[in-house]
Amino acid sequence: METFGELPADAASRDYWAAQRRRLASPPDGGLNIAFEAVDRHADGPDGDRPALRCIDGRGMVEEISFRQLAVLTNRFARLLQRLGLRPGDAVFTLLGREPALYITALGALKAGAVFCPLFSAYGPDPLRTRMAKGRCKVLVTSARQWTRKVAAFRNALPDLEHVLVVDDPWGQGAPGGTLDFGRAIEDADPRPVVPPTTKDDPALLFFTSGTTGAPKGALHAHEAVVVHHATARGVFGLAPGDIFWCTADPGWVTGTVYGILAPLTAGATVIADREEFDAVRWYRLLQEQSVAVWYTAPTAIRMLMRLDATAEGRALTDTLDLSALRLAASVGEPLNPQAVLWGKERLGKPFHDTWWQTETGGIMIANVPGVDIRPGSMGKPLPGVQADVVDRRPDGRIVPVSAPDTTGILALRTGWPSQFRSYIDEDDRYRSSFADGWYLSGDLARKDADGYFWFVGRADDVIKSAGHLIGPFEVESALMDHPAVAEVGVAGRPDAIAGEIVRAYVTLKPGFDADEALRRSLLAQARQRLGAAVAPREIVFVENLPKTNSGKILRRELRALGDGP
């Protein structure tokens, strides 16, 4: 198993990425194409008959698709797009769950030189229309249910939308409104290999991400991003041909595409595609029955597993698990509390390795990689080729690295890594504002300790200013999460006439604990002991649920709407 481990600082250079580029297999006529690296390079070799996808439905039925089969299916889709008149750079969107059509569409679109954009299937009509219009969606692949309930009513408001392919067409010949049957169209398409017409700088992937204010941003990435996809698949996860890899992220988000489809396939791993949503018992069963070697999931899911494990039923289940195949468990999406790292080691046999990256970075930038000591609560260290630092923006606009260890500042990356986003579509000013003095400014606040480990503090607009102190919600949440009664915590500032803001914590409890004054005092005492009186919350509010985004992140700005609780 290959891992990054400790490398000298000078490995973080363009020479490093050039070396990683040479490890890929270019298409026959040169250039660079993500789908070729993910599928065809394996299909044409000794790994062609290995399963690329293992799709599992709600009844536990398993459908396997080999790399060779996937190559043919994606060839067919690419040629179908060409027959439909798509030109390089046109956008192909999906509104699908984890099913074969999603993977065929994503990879086939990339082979054809189109730009692939996934949509989150739980979105309602308004956010779908906004994203499809902004991204100039030319082709949409979706289900009959999604089409009829969400999209059909506003199709005429999308002048760029020319073709809709329905995966489970119940009408037989296409629905009124001119949709096409995905399965029939694929069967009728030419299966001959496609030579991808792309270079490293051609557009490939479009992901929408919400800003702190304003409309969603469309971050565009080029085919060169595959250099980082492949390097992190091998270095962060240690993936090799035949490994079973399970990324639980929804395919509508950047993680669900980059690490749910592309990166593991470039390494020749088998991707688990579970059609069902989160269910703790089912997830445990899949980890065991599918012999998952590497598992990439979210802190929210980990905390839900911890919550189940706190019950007698859940603990009995965890005690009987056989996870001997599991080599690595990792986390993504939001900061991982220290106790979750330790719980994984104690109860699952593997600590969770936290990772940090963003839609804009296109791949993992900072991580607790195998072979390097984990510091629970830390994001880890920058990967080779990634130059990260904590910086301060001076009044004259200059960006200056923070010199003192453990000082809070803006988490920034030196520009030039291969998966760096190339634009926010139609928002040049917004794009340029993300960069200064050769740095990409992430909008996250962090600190770096004396040993080079990075620690997440919060988003710039989430930080609480109380009596002259800058307080990161995550640090307070982590201290409270260590209490045996706590299931989840969200922390926000409450306006105060004297201090400016005071820290208020909203807490959900594990089963068997009562939201009473004694518990409130216990939580406050623990926080003060762990954090000091200046940082600890002044108020504890017990709530049934915390407001979250569709991807499971806590919406701290909406916490105040919960009121004062019991």
# chains A, B, ... in the order shown; residues from 1 in each chain; ligands from 1

$ select_by_dssp --residues "segment 188-248 of chain A" --states "alpha helix (DSSP H)" --output "ChimeraX atom specification"
/A:188,226-235

$ residues_around --residues "Leu323 of chain A" --least-positions-apart "5" --cutoff "12 Å" --atoms "only C-alpha atoms" --output "number ranges by chain"
A: 283-295, 318, 328-329, 344-345, 347-350

$ residues_around --residues "segment 77-90 of chain A" --least-positions-apart "2" --cutoff "7 Å" --atoms "only C-alpha atoms" --output "ChimeraX atom specification"
/A:73-75,92,105,108-109,111-115,138,186,189-190,203

$ atom_distance --atom1 "atom CA of Val489 of chain A" --atom2 "atom CA of Val507 of chain A"
4.7 Å

$ closest_atom_pairs --of "segment 397-483 of chain A" --to "segment 333-340 of chain A" --cutoff "12 Å" --atoms "only C-alpha atoms" --output "CSV"
residue,atom,partner,partner_atom,distance
A:Asp444,CA,A:Glu334,CA,11.1
A:Leu445,CA,A:Pro335,CA,11.9
A:Ala446,CA,A:Pro335,CA,11.1
A:Phe454,CA,A:Pro335,CA,11.4
A:Trp455,CA,A:Pro335,CA,9.0
A:Phe456,CA,A:Pro335,CA,6.8
A:Val457,CA,A:Pro335,CA,9.0
A:Gly458,CA,A:Pro335,CA,8.9
A:Arg459,CA,A:Glu334,CA,10.7
A:Gly472,CA,A:Pro335,CA,11.7
A:Pro473,CA,A:Pro335,CA,10.7
A:Phe474,CA,A:Pro335,CA,7.4
A:Glu475,CA,A:Asn337,CA,8.7
A:Val476,CA,A:Asn337,CA,10.3
A:Glu477,CA,A:Asn337,CA,8.0
A:Ser478,CA,A:Asn337,CA,5.3
A:Ala479,CA,A:Asn337,CA,8.7
A:Leu480,CA,A:Asn337,CA,10.0
A:Met481,CA,A:Gln339,CA,7.3
A:Asp482,CA,A:Gln339,CA,6.2
A:His483,CA,A:Gln339,CA,9.7

$ closest_residue --among "A:Thr255, A:Ser324, A:Thr300, A:Gln420" --to "Glu488 of chain A" --atoms "only C-alpha atoms"
A:Thr300

$ closest_residue --among "A:Pro46, A:Gly438, A:Pro384, A:Gly371" --to "Val400 of chain A" --atoms "only C-alpha atoms"
A:Gly438

$ closest_residue --among "A:Asp47, A:Asp516, A:Asp437, A:Asp243" --to "Ala412 of chain A" --atoms "only C-alpha atoms"
A:Asp437

$ residues_around --residues "Pro251 of chain A" --least-positions-apart "6" --cutoff "10 Å" --atoms "only C-alpha atoms" --output "list in words"
Thr94, Leu95, Leu96, Gly97, Arg98, Glu99, Leu102, Tyr103, Pro118, Leu119, Phe120, Ser121, Thr257, Val258, Tyr259, Gly260, Ile261 and Ala273 of chain A

$ write_last_selection --atoms "N, CA and C atoms" --output "compact mmCIF listing (two decimals), in the first residue's frame"
# COMPACT_ATOMS: atom_id res chain seq x y z
N THR A 94 -26.76 15.73 -14.16
CA THR A 94 -27.51 14.58 -13.66
C THR A 94 -28.33 14.99 -12.45
N LEU A 95 -29.49 14.38 -12.32
CA LEU A 95 -30.34 14.48 -11.14
C LEU A 95 -30.73 13.04 -10.79
N LEU A 96 -29.78 12.35 -10.19
CA LEU A 96 -29.88 10.91 -9.98
C LEU A 96 -29.32 10.52 -8.62
N GLY A 97 -29.69 9.32 -8.17
CA GLY A 97 -29.06 8.71 -7.02
C GLY A 97 -27.88 7.86 -7.45
N ARG A 98 -27.40 7.03 -6.53
CA ARG A 98 -26.24 6.17 -6.82
C ARG A 98 -26.72 4.93 -7.60
N GLU A 99 -26.82 5.06 -8.90
CA GLU A 99 -27.28 3.99 -9.77
C GLU A 99 -26.39 3.96 -11.00
N LEU A 102 -25.83 7.02 -13.33
CA LEU A 102 -25.05 8.15 -12.86
C LEU A 102 -23.59 8.02 -13.30
N TYR A 103 -23.01 6.86 -13.09
CA TYR A 103 -21.60 6.64 -13.38
C TYR A 103 -21.36 6.63 -14.89
N PRO A 118 -23.19 17.39 -11.42
CA PRO A 118 -24.22 16.67 -10.67
C PRO A 118 -25.11 17.63 -9.89
N LEU A 119 -26.36 17.26 -9.72
CA LEU A 119 -27.30 18.02 -8.91
C LEU A 119 -27.75 17.16 -7.74
N PHE A 120 -27.95 17.79 -6.59
CA PHE A 120 -28.40 17.09 -5.40
C PHE A 120 -29.86 16.70 -5.57
N SER A 121 -30.15 15.42 -5.43
CA SER A 121 -31.48 14.91 -5.78
C SER A 121 -32.57 15.36 -4.82
N THR A 257 -18.78 13.00 -6.34
CA THR A 257 -18.26 12.80 -7.69
C THR A 257 -16.76 12.52 -7.67
N VAL A 258 -16.00 13.38 -6.99
CA VAL A 258 -14.54 13.23 -7.03
C VAL A 258 -14.09 11.95 -6.34
N TYR A 259 -14.62 11.71 -5.11
CA TYR A 259 -14.18 10.52 -4.38
C TYR A 259 -15.24 9.42 -4.34
N GLY A 260 -16.43 9.69 -4.87
CA GLY A 260 -17.41 8.63 -5.01
C GLY A 260 -17.36 7.96 -6.37
N ILE A 261 -16.68 8.60 -7.34
CA ILE A 261 -16.59 8.05 -8.70
C ILE A 261 -15.15 8.08 -9.21
N ALA A 273 -21.57 1.42 -4.61
CA ALA A 273 -22.64 2.38 -4.90
C ALA A 273 -23.91 1.89 -4.21

$ atom_distance --atom1 "atom CA of Ile244 of chain A" --atom2 "atom CA of Glu277 of chain A"
19.4 Å

$ residues_around --residues "Pro27 of chain A" --least-positions-apart "6" --cutoff "12 Å" --atoms "only C-alpha atoms" --output "MDAnalysis selection string"
chainID A and resid 33:41 44 111 193:200

$ write_last_selection --atoms "N, CA and C atoms" --output "PDB file, in the first residue's frame"
ATOM      1  N   ASN A  33      -7.537  13.206 -20.131  1.00  0.00           N
ATOM      2  CA  ASN A  33      -8.972  13.073 -19.955  1.00  0.00           C
ATOM      3  C   ASN A  33      -9.249  12.253 -18.702  1.00  0.00           C
ATOM      4  N   ILE A  34     -10.092  12.802 -17.825  1.00  0.00           N
ATOM      5  CA  ILE A  34     -10.377  12.149 -16.545  1.00  0.00           C
ATOM      6  C   ILE A  34     -10.974  10.765 -16.749  1.00  0.00           C
ATOM      7  N   ALA A  35     -11.936  10.626 -17.667  1.00  0.00           N
ATOM      8  CA  ALA A  35     -12.609   9.338 -17.860  1.00  0.00           C
ATOM      9  C   ALA A  35     -11.663   8.291 -18.405  1.00  0.00           C
ATOM     10  N   PHE A  36     -10.762   8.684 -19.282  1.00  0.00           N
ATOM     11  CA  PHE A  36      -9.780   7.727 -19.797  1.00  0.00           C
ATOM     12  C   PHE A  36      -8.937   7.175 -18.664  1.00  0.00           C
ATOM     13  N   GLU A  37      -8.526   8.057 -17.738  1.00  0.00           N
ATOM     14  CA  GLU A  37      -7.698   7.612 -16.612  1.00  0.00           C
ATOM     15  C   GLU A  37      -8.494   6.759 -15.631  1.00  0.00           C
ATOM     16  N   ALA A  38      -9.797   7.013 -15.526  1.00  0.00           N
ATOM     17  CA  ALA A  38     -10.620   6.286 -14.566  1.00  0.00           C
ATOM     18  C   ALA A  38     -11.090   4.940 -15.088  1.00  0.00           C
ATOM     19  N   VAL A  39     -11.247   4.800 -16.397  1.00  0.00           N
ATOM     20  CA  VAL A  39     -11.871   3.594 -16.944  1.00  0.00           C
ATOM     21  C   VAL A  39     -10.978   2.885 -17.965  1.00  0.00           C
ATOM     22  N   ASP A  40     -10.672   3.547 -19.064  1.00  0.00           N
ATOM     23  CA  ASP A  40     -10.044   2.860 -20.196  1.00  0.00           C
ATOM     24  C   ASP A  40      -8.654   2.338 -19.896  1.00  0.00           C
ATOM     25  N   ARG A  41      -7.901   3.047 -19.085  1.00  0.00           N
ATOM     26  CA  ARG A  41      -6.547   2.580 -18.765  1.00  0.00           C
ATOM     27  C   ARG A  41      -6.581   1.235 -18.051  1.00  0.00           C
ATOM     28  N   ASP A  44      -8.390  -1.810 -20.728  1.00  0.00           N
ATOM     29  CA  ASP A  44      -7.551  -2.360 -21.791  1.00  0.00           C
ATOM     30  C   ASP A  44      -6.399  -3.207 -21.264  1.00  0.00           C
ATOM     31  N   LYS A 111     -15.716  11.690 -21.476  1.00  0.00           N
ATOM     32  CA  LYS A 111     -15.106  11.136 -22.677  1.00  0.00           C
ATOM     33  C   LYS A 111     -15.448  11.961 -23.915  1.00  0.00           C
ATOM     34  N   PRO A 193     -14.626   2.390 -29.211  1.00  0.00           N
ATOM     35  CA  PRO A 193     -13.895   3.295 -28.314  1.00  0.00           C
ATOM     36  C   PRO A 193     -13.915   4.738 -28.807  1.00  0.00           C
ATOM     37  N   VAL A 194     -13.927   5.627 -27.849  1.00  0.00           N
ATOM     38  CA  VAL A 194     -13.898   7.063 -28.132  1.00  0.00           C
ATOM     39  C   VAL A 194     -12.523   7.593 -27.737  1.00  0.00           C
ATOM     40  N   VAL A 195     -11.901   8.332 -28.629  1.00  0.00           N
ATOM     41  CA  VAL A 195     -10.646   8.989 -28.295  1.00  0.00           C
ATOM     42  C   VAL A 195     -10.987  10.365 -27.733  1.00  0.00           C
ATOM     43  N   PRO A 196     -10.833  10.559 -26.433  1.00  0.00           N
ATOM     44  CA  PRO A 196     -11.262  11.835 -25.830  1.00  0.00           C
ATOM     45  C   PRO A 196     -10.528  13.020 -26.460  1.00  0.00           C
ATOM     46  N   PRO A 197     -11.259  14.040 -26.839  1.00  0.00           N
ATOM     47  CA  PRO A 197     -10.652  15.178 -27.541  1.00  0.00           C
ATOM     48  C   PRO A 197     -10.194  16.289 -26.606  1.00  0.00           C
ATOM     49  N   THR A 198      -9.721  15.950 -25.408  1.00  0.00           N
ATOM     50  CA  THR A 198      -9.473  16.979 -24.392  1.00  0.00           C
ATOM     51  C   THR A 198      -7.993  17.124 -24.059  1.00  0.00           C
ATOM     52  N   THR A 199      -7.649  18.324 -23.593  1.00  0.00           N
ATOM     53  CA  THR A 199      -6.333  18.604 -23.045  1.00  0.00           C
ATOM     54  C   THR A 199      -6.476  18.869 -21.557  1.00  0.00           C
ATOM     55  N   LYS A 200      -5.354  19.060 -20.892  1.00  0.00           N
ATOM     56  CA  LYS A 200      -5.391  19.258 -19.443  1.00  0.00           C
ATOM     57  C   LYS A 200      -6.161  20.503 -19.032  1.00  0.00           C
TER      58      LYS A 200
END

$ select_by_dssp --residues "segment 521-566 of chain A" --states "strand (DSSP E)" --output "list of chain:residue names"
A:Glu539, A:Ile540, A:Val541, A:Phe542

$ write_last_selection --atoms "C-alpha atoms" --output "PDB file, in the first residue's frame"
ATOM      1  CA  GLU A 539     -25.569  29.484  27.982  1.00  0.00           C
ATOM      2  CA  ILE A 540     -26.699  25.951  27.170  1.00  0.00           C
ATOM      3  CA  VAL A 541     -29.932  25.379  25.223  1.00  0.00           C
ATOM      4  CA  PHE A 542     -31.319  21.841  24.880  1.00  0.00           C
TER       5      PHE A 542
END

$ closest_residue --among "A:Leu158, A:Ile272, A:Met379, A:Cys117" --to "Val254 of chain A" --atoms "only C-alpha atoms"
A:Cys117

$ closest_residue --among "A:Arg184, A:Arg447, A:His353, A:Lys381" --to "Met365 of chain A" --atoms "only C-alpha atoms"
A:Lys381

$ residues_around --residues "Arg538 of chain A" --least-positions-apart "6" --cutoff "7 Å" --atoms "only C-alpha atoms" --output "list in words"
Ile502, Val503 and Arg504 of chain A

$ closest_residue --among "A:Phe116, A:Phe207, A:Tyr453, A:Tyr16" --to "Ala367 of chain A" --atoms "only C-alpha atoms"
A:Tyr453

$ atom_distance --atom1 "atom CA of Leu509 of chain A" --atom2 "atom CA of Val486 of chain A"
4.7 Å

$ residues_around --residues "Ala460 of chain A" --least-positions-apart "5" --cutoff "12 Å" --atoms "only C-alpha atoms" --output "list in words"
Gly211, Thr212, Thr408, Gly409, Ile410, Leu411, Leu441, Ser442, Gly443, Asp444, Leu445, Ala446, Lys465, Leu470, Ile471, Gly472 and Pro473 of chain A
